[in-house]
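Student: Right, I'll just put the structure down here and ask away after.
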Amino acid sequence: MRDPYELLGVARTASQDEIKKAYRKLVKQLHPDLHPDDKKTEQRFRDVTAAYDLLGDAEKRARFDRGEIDAEGKERMDPFARAHAGARTRARGARSGAHAGFSTADILDEVFGRGGFRPKGADVSYTLNVGFREAAGGTKKRLRLSDGRTIEVKVPAGTQDGAVLRLKGQGLQGLGGGAAGDALVEIRLEADALFTRHGNDVHLEAPITVREAVLGASIEVPTIDGKVSVKVPKGSNSGTQLRLKGKGLRDGATGAHGDQYVRLVVSLPDPADPDFTKFVEGWNPANEANPRKKAGF
């Protein structure tokens with residue numbers, strides 16, 4: 001372990017009160033409950049606590065200064081070091097009164113109990129998988145917390161992927177009576193087989209037959225609220241897009257709904273229809289357009 005004076009940030013001539021004050025300050029900064037999952041800070045807290053265990057006890061401190069024990073409190077067999085440090089330590093002990101000091105438990109009790117500093121508990125982060133359609137209409141999901149409790153999480157309608165829900169008081173308990181932290185729940189939307197989302201608008205691809213594309217038709221398409229009937233205009237082609245106003249997702253801030261866009265995709269018969277194949281073979285239009293030319297090929 002490093003030099004305990006260095007760990008506490010005090011001079012070797014510091015009084016016991018100065019050592020106590022330095023440790024108290026570090027406790028407020030480094031306590032593990034204030035830094036969950038921060039292993040580096042947790043180790044530093046352990047080091048300064050071990051340093052105070054040594055220097056906060058006037059007798060142990062004097063023995064350390066005389067070289068009789070090391071920074072971990074283990075015995076040393078070094079008479080020369082003892083003799084060298086002994087006179088100086090005795091002199092300082094006389095000036096400071098060599099009182100027993102305060103234990104680490106006393107300091108923690110003072111900082112987090114009787115004292116006015118009652119830190120709020122740390123927030124805890126979670127992820128929650130939610131189906132696209134569940135999030136679209138709003139839902140409730142069960143979530144198991146780190147302490148083993150299971151709570152119900154309300155997912156508002158229109159919640160987007162990556163949104164973070166804050167559940168007040170569901171984090172770690174505060175110290176010394178301090179308020180509990182919060183649970184931060186990140187929503188992960190599961191991909192949907194039919195719908196995709198762009199802002200509050202919903203997009204859907206709808207296959208149509210050649211006959212429906214040429215002659216027009218009324219077809220049923222799914223929305224997040226159920227099936228609706230839409231009209232396919234005559235002469236529709238793949239890529240033709242129909243807009244269903246107000247059939248998108250609800251905006252959590254304004255309450256307004258987005259739209260649903262239906263992209264038509266002309267689909268050939270599957271399996272192949274011999275009559276349709278024969279018809280196309282015999283069809284010889286006078287002015288057949290090249291669709292690739294229109295696309296810029």
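Following the order of the structure tokens, first chain is A, next is B, and so on, with residues numbered from 1 inside each chain and ligands from 1 in the order they appear.
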With 12 Å as the cut-off and only C-alpha atoms counted, what is the closest atom pair between each nearby residue of stretch 204-234 of chain A and stretch 176-199 of chain A? Distances in Å to one decimal, ordered by chain and number, as CSV.
Tutor:
residue,atom,partner,partner_atom,distance
A:Leu204,CA,A:Phe195,CA,5.3
A:Glu205,CA,A:Leu194,CA,7.5
A:Ala206,CA,A:Leu194,CA,9.2
A:Pro207,CA,A:Leu194,CA,11.7
A:Val221,CA,A:Leu194,CA,10.5
A:Pro222,CA,A:Leu194,CA,8.6
A:Thr223,CA,A:Phe195,CA,8.5
A:Ile224,CA,A:Phe195,CA,8.5
Student: Please dump the current selection as a PDB file, in the first residue's frame; keep N, CA, C and O atoms.
Tutor:
ATOM      1  N   LEU A 204     -45.044   0.686 -44.510  1.00  0.00           N
ATOM      2  CA  LEU A 204     -45.435  -0.700 -44.744  1.00  0.00           C
ATOM      3  C   LEU A 204     -45.367  -0.985 -46.240  1.00  0.00           C
ATOM      4  O   LEU A 204     -45.753  -0.135 -47.054  1.00  0.00           O
ATOM      5  N   GLU A 205     -44.875  -2.149 -46.610  1.00  0.00           N
ATOM      6  CA  GLU A 205     -44.919  -2.593 -48.007  1.00  0.00           C
ATOM      7  C   GLU A 205     -46.109  -3.538 -48.186  1.00  0.00           C
ATOM      8  O   GLU A 205     -46.287  -4.465 -47.385  1.00  0.00           O
ATOM      9  N   ALA A 206     -46.902  -3.288 -49.250  1.00  0.00           N
ATOM     10  CA  ALA A 206     -48.084  -4.112 -49.510  1.00  0.00           C
ATOM     11  C   ALA A 206     -47.979  -4.737 -50.895  1.00  0.00           C
ATOM     12  O   ALA A 206     -48.007  -4.025 -51.908  1.00  0.00           O
ATOM     13  N   PRO A 207     -47.868  -6.069 -50.997  1.00  0.00           N
ATOM     14  CA  PRO A 207     -47.845  -6.728 -52.312  1.00  0.00           C
ATOM     15  C   PRO A 207     -49.224  -6.644 -52.974  1.00  0.00           C
ATOM     16  O   PRO A 207     -50.252  -6.788 -52.309  1.00  0.00           O
ATOM     17  N   VAL A 221     -55.146  -3.567 -45.671  1.00  0.00           N
ATOM     18  CA  VAL A 221     -53.759  -3.514 -45.202  1.00  0.00           C
ATOM     19  C   VAL A 221     -53.772  -3.353 -43.683  1.00  0.00           C
ATOM     20  O   VAL A 221     -54.687  -2.742 -43.120  1.00  0.00           O
ATOM     21  N   PRO A 222     -52.760  -3.893 -43.010  1.00  0.00           N
ATOM     22  CA  PRO A 222     -52.698  -3.736 -41.552  1.00  0.00           C
ATOM     23  C   PRO A 222     -52.182  -2.345 -41.164  1.00  0.00           C
ATOM     24  O   PRO A 222     -51.395  -1.736 -41.890  1.00  0.00           O
ATOM     25  N   THR A 223     -52.669  -1.841 -40.044  1.00  0.00           N
ATOM     26  CA  THR A 223     -52.112  -0.648 -39.399  1.00  0.00           C
ATOM     27  C   THR A 223     -51.845  -1.028 -37.943  1.00  0.00           C
ATOM     28  O   THR A 223     -52.202  -2.125 -37.501  1.00  0.00           O
ATOM     29  N   ILE A 224     -51.241  -0.119 -37.196  1.00  0.00           N
ATOM     30  CA  ILE A 224     -50.967  -0.432 -35.789  1.00  0.00           C
ATOM     31  C   ILE A 224     -52.255  -0.520 -34.977  1.00  0.00           C
ATOM     32  O   ILE A 224     -52.248  -1.013 -33.845  1.00  0.00           O
TER      33      ILE A 224
END
Student: Assign secondary structure with DSSP using the backbone only, and return the residues of stretch 11-249 of chain A in alpha helix (DSSP H) as a PyMOL selection string.
Tutor: chain A and resi 16-30+39-55+58-65+79-96+104-109+132-137+210-215
Student: Counting only C-alpha atoms, what is within 6 Å of stretch 39-50 of chain A, bar same-chain residues fewer than 6 positions away, as a list in words?
Tutor: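 Within the cut-off, the hits are Leu7, Leu30 and Pro32 of chain A.
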Student: Please indicate the distance in Å from atom CA of A:Ser229 to atom CA of A:Val202, rounded to one decimal place.
Tutor: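 Between these atoms lies a distance of 16.5 Å.
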Student: Rounded to one decimal in Å, what is the spacing between atom CA of A:Pro233 and atom CA of A:Ile208?
Tutor: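 Atom-to-atom, atom CA of A:Pro233 to atom CA of A:Ile208, that is 11.4 Å.
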Student: Determine the nearest neighbour of A:Lys20 from the options A:Gly73, A:Gly56, A:Pro271, A:Gly67, counting only C-alpha atoms.
Tutor: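 For A:Lys20, the nearest of the given residues is A:Gly56.
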Student: With only C-alpha atoms as the counted atoms, please give the residues lying no more than 9 Å from A:Asn237, apart from itself and same-chain residues fewer than 5 positions off, as a PyMOL selection string.
Tutor: chain A and resi 213-214+264-266
Student: Keeping N, CA and C atoms for every residue in the selection just given, could you write it to a file as a PDB file, in the first residue's frame?
Tutor:
ATOM      1  N   ALA A 213     -52.893  -4.085 -59.932  1.00  0.00           N
ATOM      2  CA  ALA A 213     -52.086  -2.943 -60.343  1.00  0.00           C
ATOM      3  C   ALA A 213     -52.635  -2.297 -61.611  1.00  0.00           C
ATOM      4  N   VAL A 214     -53.055  -3.104 -62.568  1.00  0.00           N
ATOM      5  CA  VAL A 214     -53.520  -2.582 -63.864  1.00  0.00           C
ATOM      6  C   VAL A 214     -54.918  -1.988 -63.755  1.00  0.00           C
ATOM      7  N   LEU A 264     -46.683   0.204 -52.546  1.00  0.00           N
ATOM      8  CA  LEU A 264     -47.196  -0.925 -53.312  1.00  0.00           C
ATOM      9  C   LEU A 264     -46.058  -1.640 -54.041  1.00  0.00           C
ATOM     10  N   VAL A 265     -46.108  -2.959 -54.020  1.00  0.00           N
ATOM     11  CA  VAL A 265     -45.116  -3.782 -54.714  1.00  0.00           C
ATOM     12  C   VAL A 265     -45.873  -4.781 -55.585  1.00  0.00           C
ATOM     13  N   VAL A 266     -45.731  -4.644 -56.915  1.00  0.00           N
ATOM     14  CA  VAL A 266     -46.414  -5.558 -57.837  1.00  0.00           C
ATOM     15  C   VAL A 266     -45.759  -6.931 -57.756  1.00  0.00           C
TER      16      VAL A 266
END
Student: What gap, in Å, lies between atom CA of A:Lys245 and atom CA of A:His257?
Tutor: 8.5 Å
